[in-house]
Amino acid sequence: MLHDAPATQPRPRFGLSRFLTNLHNNADMAGVSPQKSFLGFIFAWVVFFGIMLFMPQPDGLTLQGKATLAVVVWASIIWVSEAIPVGITGVAIPMLLVLSGAVDKFPNAVSGFTSNAYFICMAAFIMAAIIQLAGIDKRIAITLLHKLRIRSANSTIMGLFGVNFILSIIVPGANPRGALLLPIVNGITNLFGDTPAERAVKKHIMIQVLVYGSMISGMCILTSHLPNLVLVGLFSKELHIDISYFDWFILQWPYLGMFFLTNIWLRWHFKTKNMEIEGGAQVLTEQFKRLPQISQSEILILLIFGFTASLWMTQSWHHISSHIVAMIGLVLLFIPGVFPFKWKQIQERTIWGTLIMLGGALSMSQCMGSSGLAAWLAEHIHIFAVGHPWWLILLIVMVGTHIIRLGMLSNVAAISLFAPILVKLAPTLGLHPVAFTMLVADTDTFAYILPTQITVAVIAYSSNTFSMTDYAKAGWVSVLLAIGYGICVMVPWYAFLGLPVWDPTAPWPF
């Protein structure tokens with residue numbers, strides 16, 4: 001008996017079209033823009049090899065400086081296009097520094113991973129993961145808001161800023177603070193209806209609290225804003241100046257005034273001065289009642305963190321460096337029995353990718369100084385700024401920084417690129433290197449024109465509360481306010497402390 005032959009299965013086709021389609025689909029499923037990431041990835045390598053192989057050797061720049069320039073441009077394009085995860089850039093930067101000849105030894109290429117700032121950040125990230133696992137961050141947020149008994153849009157904003165500032169002491173980075181507060185803010189904004197006035201209130205609360213509040217509160221606490229650590233590491237390396245936890249707060253606390261200034265502007269812009277919240281206090285009361293009783297673990301964690309914070313703030317007395325204090329606190333937290341969490345739970349909540357990216361960014365920043373690239377770039381920027389009074393120089397450089405920042409998402413990446421140049425540029429313009437660098441770097445924190453300039457703004461934008469246009473219309477004025485605040489408020493404050501920006505020879509006052 002004859003049987004029918006089995007049907008021949010068509011062979012899969014693996015042509016170029018199918019290959020590219022698979023790449024496109026994989027990138028899309030990975031959560032990145034296929035077109036933007038592919039173009040950015042290819043363009044980054046084309047420019048890297050173009051600088052290395054075809055760019056003539058610039059006058060006054062060493063071979064190591066040219067190689068560092070290639071790495072800096074590669075990293076900038078990758079960061080802007082988000083072609084690869086930021087953590088992988090932290091690994092790729094040291095690799096490229098070695099292969100390009102920017103450094104001659106691998107330990108020099110990974111110097112950022114052995115810096116004081118890196119170890120402070122690592123300890124802070126792990127501490128934050130433990131605090132989040134214990135639910136301490138949520139307990140603090142809900143308890144404070146409940147006690148404040150918020151009834152209006154403005155009282156909500158002020159109360160949430162207080163929560164944000166307290167969380168900045170224990171949660172490093174604006175992004176995790178924004179992610180923590182997002183559901184709380186959403187719960188409050190959902191109490192409003194859908195009239196034009198109520199939609200305006202939602203926009204005001206979301207932008208002011210989640211974006212402006214998260215960024216501004218982090219500027220004052222050394223460990224709560226990663227660019228702070230980049231600057232401290234740079235000053236230690238280049239200028240041999242060590243800034244303590246308490247010194248940083250003394251220098252930066254006046255920036256808290258920017259929150260109130262931007263809030264006045266947004267309240268006028270969105271016309272939300274007298275908006276009341278019906279049932280706001282009741283919602284928070286219900287959330288407060290659902291909180292479990294505080295546990296022994298939470299008490300022990302808070303005591304250890306309080307002890308660590310006290311050591312940070314009294315460094316001038318005991319002379320134990322901030323990074324050593326951070327590691328002391330971390331070791332104390334892992335005394336057996338302090339908390340019931342497994343290491344796997346902690347590591348899942350630790351933002352390792354950002355930490356690795358910080359190490360690579362710090363390494364690149366240090367190489368920009370050691371290779372002469374920062375000094376070379378400073379000389380070229382010097383042409384546009386020289387001959388002007390100090391306030392006009394600040395204005396020119398601050399505005400230029402914001403123009404460049406339109407295409408960059410990472411505040412850490414931007415400061416890692418700008419800060420080494422600013423330190424070298426300051427003496428050539430007759431300005432104090434610390435005061436000048438901090439003033440310009442701080443204005444970068446207020447990159448509020450597009451949500452894509454700051455990760456926490458992307459988190460806020462995901463709420464669908466405001467549009468790109470809403471954000472830009474409010475943001476460009478906030479940027480101008482920040483520039484004016486830096487020149488008119490922070491410059492006199494630094495001068496009062498003994499750091500006049502117009503005196504490059506002023507000694508370190510602390």
# chains A, B, ... in the order shown; residues from 1 in each chain; ligands from 1
call {"tool": "residues_around", "arguments": {"residues": "region 240-243 of chain A", "least_positions_apart": "4", "cutoff": "12 Å", "atoms": "only C-alpha atoms", "output": "PyMOL selection string"}}
result
chain A and resi 116-117+222+228-236+247-252+312-313+315-316+319-323+433-434+507-510
call {"tool": "residues_around", "arguments": {"residues": "region 387-402 of chain A", "least_positions_apart": "5", "cutoff": "7 Å", "atoms": "only C-alpha atoms", "output": "ChimeraX atom specification"}}
result
/A:440,443-444,447,483,487,502
call {"tool": "write_last_selection", "arguments": {"atoms": "N, CA, C and O atoms", "output": "compact mmCIF listing (two decimals), in the first residue's frame"}}
result
# COMPACT_ATOMS: atom_id res chain seq x y z
N VAL A 440 28.08 76.62 36.91
CA VAL A 440 27.65 76.18 35.59
C VAL A 440 27.07 74.76 35.65
O VAL A 440 26.05 74.46 35.03
N THR A 443 23.53 74.74 37.06
CA THR A 443 22.46 75.19 36.16
C THR A 443 22.04 74.07 35.23
O THR A 443 20.91 74.05 34.73
N ASP A 444 22.93 73.09 35.00
CA ASP A 444 22.58 71.94 34.16
C ASP A 444 21.47 71.10 34.81
O ASP A 444 20.71 70.43 34.13
N ALA A 447 17.71 71.59 33.50
CA ALA A 447 17.47 71.37 32.06
C ALA A 447 16.01 70.97 31.88
O ALA A 447 15.67 69.80 31.77
N ILE A 483 19.15 80.35 35.66
CA ILE A 483 20.36 81.08 35.28
C ILE A 483 20.46 82.37 36.08
O ILE A 483 21.52 82.72 36.63
N ILE A 487 23.34 83.50 39.10
CA ILE A 487 24.16 84.71 39.04
C ILE A 487 23.83 85.68 40.17
O ILE A 487 24.73 86.27 40.78
N TRP A 502 34.92 85.71 40.98
CA TRP A 502 35.82 86.61 40.24
C TRP A 502 37.26 86.60 40.76
O TRP A 502 38.11 87.29 40.22
call {"tool": "residues_around", "arguments": {"residues": "Trp317 (chain A)", "least_positions_apart": "5", "cutoff": "12 Å", "atoms": "only C-alpha atoms", "output": "PyMOL selection string"}}
result
chain A and resi 244+246+310-312
call {"tool": "write_last_selection", "arguments": {"atoms": "C-alpha atoms", "output": "compact mmCIF listing (two decimals), in the first residue's frame"}}
result
# COMPACT_ATOMS: atom_id res chain seq x y z
CA SER A 244 32.68 66.92 53.15
CA PHE A 246 28.37 69.06 55.67
CA SER A 310 25.67 61.94 61.75
CA LEU A 311 29.20 60.77 60.85
CA TRP A 312 28.84 62.38 57.42
call {"tool": "closest_residue", "arguments": {"among": "A:Val211, A:His225, A:Leu182, A:Ser152", "to": "Ile169 (chain A)", "atoms": "only C-alpha atoms"}}
result
A:His225
call {"tool": "residues_around", "arguments": {"residues": "Val185 (chain A)", "least_positions_apart": "5", "cutoff": "9 Å", "atoms": "only C-alpha atoms", "output": "list in words"}}
result
Leu160, Asn190, Ile205, Met206, Val209 and Leu210 of chain A
call {"tool": "write_last_selection", "arguments": {"atoms": "all heavy atoms", "output": "PDB file, in the first residue's frame"}}
result
ATOM      1  N   LEU A 160       4.685  67.638  49.515  1.00  0.00           N
ATOM      2  CA  LEU A 160       5.436  66.640  48.762  1.00  0.00           C
ATOM      3  C   LEU A 160       6.896  67.044  48.601  1.00  0.00           C
ATOM      4  O   LEU A 160       7.774  66.184  48.513  1.00  0.00           O
ATOM      5  CB  LEU A 160       4.793  66.416  47.391  1.00  0.00           C
ATOM      6  CG  LEU A 160       3.490  65.612  47.406  1.00  0.00           C
ATOM      7  CD1 LEU A 160       2.805  65.668  46.040  1.00  0.00           C
ATOM      8  CD2 LEU A 160       3.764  64.149  47.788  1.00  0.00           C
ATOM      9  N   ASN A 190      -5.580  62.194  40.800  1.00  0.00           N
ATOM     10  CA  ASN A 190      -6.823  61.521  40.406  1.00  0.00           C
ATOM     11  C   ASN A 190      -8.040  62.054  41.163  1.00  0.00           C
ATOM     12  O   ASN A 190      -9.183  61.782  40.783  1.00  0.00           O
ATOM     13  CB  ASN A 190      -6.711  60.012  40.623  1.00  0.00           C
ATOM     14  CG  ASN A 190      -5.819  59.341  39.596  1.00  0.00           C
ATOM     15  OD1 ASN A 190      -5.588  59.900  38.523  1.00  0.00           O
ATOM     16  ND2 ASN A 190      -5.306  58.178  39.921  1.00  0.00           N
ATOM     17  N   ILE A 205       1.104  70.134  39.580  1.00  0.00           N
ATOM     18  CA  ILE A 205       1.570  69.242  40.650  1.00  0.00           C
ATOM     19  C   ILE A 205       2.600  68.261  40.112  1.00  0.00           C
ATOM     20  O   ILE A 205       3.667  68.060  40.718  1.00  0.00           O
ATOM     21  CB  ILE A 205       0.385  68.497  41.281  1.00  0.00           C
ATOM     22  CG1 ILE A 205      -0.528  69.474  42.034  1.00  0.00           C
ATOM     23  CG2 ILE A 205       0.880  67.412  42.239  1.00  0.00           C
ATOM     24  CD1 ILE A 205      -1.791  68.851  42.574  1.00  0.00           C
ATOM     25  N   MET A 206       2.316  67.646  38.966  1.00  0.00           N
ATOM     26  CA  MET A 206       3.205  66.611  38.441  1.00  0.00           C
ATOM     27  C   MET A 206       4.576  67.179  38.069  1.00  0.00           C
ATOM     28  O   MET A 206       5.621  66.614  38.403  1.00  0.00           O
ATOM     29  CB  MET A 206       2.561  65.945  37.216  1.00  0.00           C
ATOM     30  CG  MET A 206       3.275  64.705  36.725  1.00  0.00           C
ATOM     31  SD  MET A 206       3.288  63.336  37.905  1.00  0.00           S
ATOM     32  CE  MET A 206       1.547  62.876  37.921  1.00  0.00           C
ATOM     33  N   VAL A 209       6.365  68.816  41.469  1.00  0.00           N
ATOM     34  CA  VAL A 209       6.747  67.863  42.508  1.00  0.00           C
ATOM     35  C   VAL A 209       7.720  66.827  41.979  1.00  0.00           C
ATOM     36  O   VAL A 209       8.817  66.637  42.525  1.00  0.00           O
ATOM     37  CB  VAL A 209       5.492  67.172  43.088  1.00  0.00           C
ATOM     38  CG1 VAL A 209       5.888  66.013  43.999  1.00  0.00           C
ATOM     39  CG2 VAL A 209       4.649  68.166  43.850  1.00  0.00           C
ATOM     40  N   LEU A 210       7.334  66.142  40.907  1.00  0.00           N
ATOM     41  CA  LEU A 210       8.126  64.989  40.476  1.00  0.00           C
ATOM     42  C   LEU A 210       9.417  65.394  39.768  1.00  0.00           C
ATOM     43  O   LEU A 210      10.447  64.736  39.941  1.00  0.00           O
ATOM     44  CB  LEU A 210       7.286  64.081  39.561  1.00  0.00           C
ATOM     45  CG  LEU A 210       7.237  62.625  40.008  1.00  0.00           C
ATOM     46  CD1 LEU A 210       6.538  62.537  41.352  1.00  0.00           C
ATOM     47  CD2 LEU A 210       6.481  61.764  39.007  1.00  0.00           C
TER      48      LEU A 210
END
call {"tool": "residues_around", "arguments": {"residues": "region 339-344 of chain A", "least_positions_apart": "3", "cutoff": "12 Å", "atoms": "only C-alpha atoms", "output": "list in words"}}
result
Ile126, Ala129, Ile130, Ile131, Gln132, Leu133, Ala134, Gly135, Ser295, Gln296, Ser297, Glu298, Ile299, Leu300, Ile301, Leu302, Ile304, Leu332, Leu333, Phe334, Ile335, Pro336, Gln347, Glu348, Arg349 and Thr350 of chain A
call {"tool": "write_last_selection", "arguments": {"atoms": "N, CA, C and O atoms", "output": "short mmCIF file (atom, residue, chain, number, x, y, z; two decimals), in the first residue's frame"}}
result
data_model
loop_
_atom_site.label_atom_id
_atom_site.label_comp_id
_atom_site.auth_asym_id
_atom_site.auth_seq_id
_atom_site.Cartn_x
_atom_site.Cartn_y
_atom_site.Cartn_z
N ILE A 126 22.99 50.65 47.75
CA ILE A 126 22.63 49.44 48.49
C ILE A 126 21.79 49.80 49.71
O ILE A 126 20.80 49.12 50.04
N ALA A 129 18.30 50.42 48.56
CA ALA A 129 17.58 49.18 48.27
C ALA A 129 17.03 48.56 49.55
O ALA A 129 15.89 48.06 49.59
N ILE A 130 17.82 48.58 50.62
CA ILE A 130 17.38 48.02 51.91
C ILE A 130 16.22 48.84 52.46
O ILE A 130 15.22 48.29 52.96
N ILE A 131 16.32 50.16 52.36
CA ILE A 131 15.26 51.04 52.87
C ILE A 131 13.96 50.82 52.10
O ILE A 131 12.87 50.78 52.67
N GLN A 132 14.07 50.61 50.78
CA GLN A 132 12.88 50.37 49.98
C GLN A 132 12.27 49.01 50.31
O GLN A 132 11.04 48.87 50.39
N LEU A 133 13.10 48.00 50.49
CA LEU A 133 12.60 46.68 50.87
C LEU A 133 11.86 46.72 52.20
O LEU A 133 10.82 46.06 52.38
N ALA A 134 12.38 47.49 53.13
CA ALA A 134 11.76 47.60 54.45
C ALA A 134 10.49 48.44 54.42
O ALA A 134 9.72 48.44 55.40
N GLY A 135 10.25 49.18 53.33
CA GLY A 135 9.07 50.02 53.23
C GLY A 135 9.19 51.32 53.98
O GLY A 135 8.20 52.03 54.18
N SER A 295 8.26 47.98 62.38
CA SER A 295 8.91 46.75 62.85
C SER A 295 10.25 47.05 63.51
O SER A 295 10.80 48.15 63.38
N GLN A 296 10.78 46.03 64.17
CA GLN A 296 12.10 46.16 64.78
C GLN A 296 13.16 46.41 63.72
O GLN A 296 14.10 47.21 63.93
N SER A 297 13.02 45.74 62.58
CA SER A 297 14.00 45.92 61.49
C SER A 297 14.03 47.36 61.02
O SER A 297 15.10 47.94 60.79
N GLU A 298 12.84 47.96 60.86
CA GLU A 298 12.79 49.35 60.41
C GLU A 298 13.48 50.27 61.41
O GLU A 298 14.21 51.19 61.02
N ILE A 299 13.25 50.03 62.70
CA ILE A 299 13.87 50.86 63.73
C ILE A 299 15.39 50.72 63.68
O ILE A 299 16.12 51.72 63.74
N LEU A 300 15.89 49.49 63.55
CA LEU A 300 17.34 49.27 63.52
C LEU A 300 17.96 49.92 62.27
O LEU A 300 19.03 50.54 62.34
N ILE A 301 17.28 49.78 61.14
CA ILE A 301 17.80 50.37 59.90
C ILE A 301 17.86 51.89 60.03
O ILE A 301 18.85 52.53 59.64
N LEU A 302 16.82 52.48 60.58
CA LEU A 302 16.80 53.94 60.76
C LEU A 302 17.89 54.40 61.73
O LEU A 302 18.53 55.43 61.52
N ILE A 304 20.79 52.89 62.30
CA ILE A 304 22.09 52.76 61.62
C ILE A 304 22.27 53.87 60.60
O ILE A 304 23.35 54.48 60.49
N LEU A 332 27.49 47.93 58.96
CA LEU A 332 26.60 47.85 60.12
C LEU A 332 25.22 47.32 59.73
O LEU A 332 24.59 46.58 60.49
N LEU A 333 24.74 47.70 58.55
CA LEU A 333 23.42 47.23 58.12
C LEU A 333 23.38 45.72 57.92
O LEU A 333 22.32 45.10 58.05
N PHE A 334 24.55 45.14 57.64
CA PHE A 334 24.58 43.70 57.37
C PHE A 334 24.98 42.88 58.59
O PHE A 334 25.36 41.71 58.46
N ILE A 335 24.89 43.47 59.79
CA ILE A 335 25.02 42.67 61.01
C ILE A 335 23.89 41.64 60.99
O ILE A 335 22.73 41.99 60.76
N PRO A 336 24.18 40.37 61.20
CA PRO A 336 23.13 39.34 61.11
C PRO A 336 21.94 39.66 62.00
O PRO A 336 22.08 40.01 63.18
N GLN A 347 19.93 43.00 45.77
CA GLN A 347 20.62 43.29 44.51
C GLN A 347 19.64 43.56 43.37
O GLN A 347 19.95 44.30 42.43
N GLU A 348 18.43 43.01 43.46
CA GLU A 348 17.42 43.27 42.43
C GLU A 348 16.93 44.71 42.48
O GLU A 348 16.45 45.23 41.48
N ARG A 349 17.05 45.35 43.63
CA ARG A 349 16.58 46.73 43.79
C ARG A 349 17.72 47.74 43.77
O ARG A 349 17.48 48.94 43.92
N THR A 350 18.94 47.28 43.62
CA THR A 350 20.08 48.18 43.52
C THR A 350 20.30 48.54 42.05
O THR A 350 20.35 47.65 41.20
#
call {"tool": "closest_residue", "arguments": {"among": "A:Leu377, A:Val80, A:Leu450, A:Ala460", "to": "Ala419 (chain A)", "atoms": "only C-alpha atoms"}}
result
A:Leu377
call {"tool": "select_by_dssp", "arguments": {"residues": "region 30-227 of chain A", "states": "alpha helix (DSSP H)", "output": "PyMOL selection string"}}
result
chain A and resi 34-53+63-81+86-99+106-109+116-134+136-148+153-170+174-189+196-205+214-220+226-227
call {"tool": "atom_distance", "arguments": {"atom1": "CA of Asn263 (chain A)", "atom2": "CA of Lys147 (chain A)"}}
result
22.0 Å
call {"tool": "residues_around", "arguments": {"residues": "Thr505 (chain A)", "least_positions_apart": "3", "cutoff": "10 Å", "atoms": "only C-alpha atoms", "output": "PDB file with N, CA and C atoms, in the first residue's frame"}}
result
ATOM      1  N   PRO A 427      40.566  79.246  35.319  1.00  0.00           N
ATOM      2  CA  PRO A 427      41.749  80.097  35.540  1.00  0.00           C
ATOM      3  C   PRO A 427      42.101  80.956  34.329  1.00  0.00           C
ATOM      4  N   GLY A 430      40.174  84.046  34.513  1.00  0.00           N
ATOM      5  CA  GLY A 430      40.311  84.802  35.743  1.00  0.00           C
ATOM      6  C   GLY A 430      39.214  84.529  36.741  1.00  0.00           C
ATOM      7  N   LEU A 431      38.687  83.294  36.756  1.00  0.00           N
ATOM      8  CA  LEU A 431      37.588  82.924  37.649  1.00  0.00           C
ATOM      9  C   LEU A 431      38.010  81.778  38.560  1.00  0.00           C
ATOM     10  N   HIS A 432      37.348  81.669  39.699  1.00  0.00           N
ATOM     11  CA  HIS A 432      37.674  80.620  40.658  1.00  0.00           C
ATOM     12  C   HIS A 432      37.205  79.275  40.120  1.00  0.00           C
ATOM     13  N   PRO A 433      38.069  78.249  40.068  1.00  0.00           N
ATOM     14  CA  PRO A 433      37.694  76.983  39.428  1.00  0.00           C
ATOM     15  C   PRO A 433      36.535  76.257  40.108  1.00  0.00           C
ATOM     16  N   LEU A 499      34.332  82.209  48.572  1.00  0.00           N
ATOM     17  CA  LEU A 499      34.616  81.703  47.232  1.00  0.00           C
ATOM     18  C   LEU A 499      34.089  82.667  46.168  1.00  0.00           C
ATOM     19  N   PRO A 500      34.612  83.870  46.093  1.00  0.00           N
ATOM     20  CA  PRO A 500      34.152  84.793  45.048  1.00  0.00           C
ATOM     21  C   PRO A 500      34.548  84.270  43.665  1.00  0.00           C
ATOM     22  N   VAL A 501      33.600  84.150  42.777  1.00  0.00           N
ATOM     23  CA  VAL A 501      33.863  83.565  41.472  1.00  0.00           C
ATOM     24  C   VAL A 501      34.856  84.403  40.673  1.00  0.00           C
ATOM     25  N   TRP A 502      34.924  85.709  40.978  1.00  0.00           N
ATOM     26  CA  TRP A 502      35.819  86.608  40.240  1.00  0.00           C
ATOM     27  C   TRP A 502      37.260  86.604  40.757  1.00  0.00           C
ATOM     28  N   TRP A 508      40.560  77.836  49.636  1.00  0.00           N
ATOM     29  CA  TRP A 508      39.403  77.022  50.018  1.00  0.00           C
ATOM     30  C   TRP A 508      39.024  77.372  51.458  1.00  0.00           C
TER      31      TRP A 508
END
call {"tool": "atom_distance", "arguments": {"atom1": "CA of Gly90 (chain A)", "atom2": "CA of Leu39 (chain A)"}}
result
20.4 Å
call {"tool": "atom_distance", "arguments": {"atom1": "CA of Ala482 (chain A)", "atom2": "CA of Trp265 (chain A)"}}
result
11.9 Å
call {"tool": "closest_residue", "arguments": {"among": "A:Phe43, A:Tyr245, A:Glu379, A:Ser115", "to": "Thr314 (chain A)", "atoms": "only C-alpha atoms"}}
result
A:Tyr245
call {"tool": "closest_residue", "arguments": {"among": "A:Thr428, A:Ser365, A:Thr21, A:Ser462", "to": "Ser416 (chain A)", "atoms": "only C-alpha atoms"}}
result
A:Ser365
call {"tool": "residues_around", "arguments": {"residues": "Ile84 (chain A)", "least_positions_apart": "2", "cutoff": "12 Å", "atoms": "only C-alpha atoms", "output": "ChimeraX atom specification"}}
result
/A:27,30-34,36-42,44,74-82,86-92,353,357
call {"tool": "closest_residue", "arguments": {"among": "A:Thr354, A:Gln345, A:Thr437, A:Thr285", "to": "Pro504 (chain A)", "atoms": "only C-alpha atoms"}}
result
A:Thr437
call {"tool": "closest_residue", "arguments": {"among": "A:Leu69, A:Val338, A:His146, A:Gln287", "to": "Gln57 (chain A)", "atoms": "only C-alpha atoms"}}
result
A:Leu69
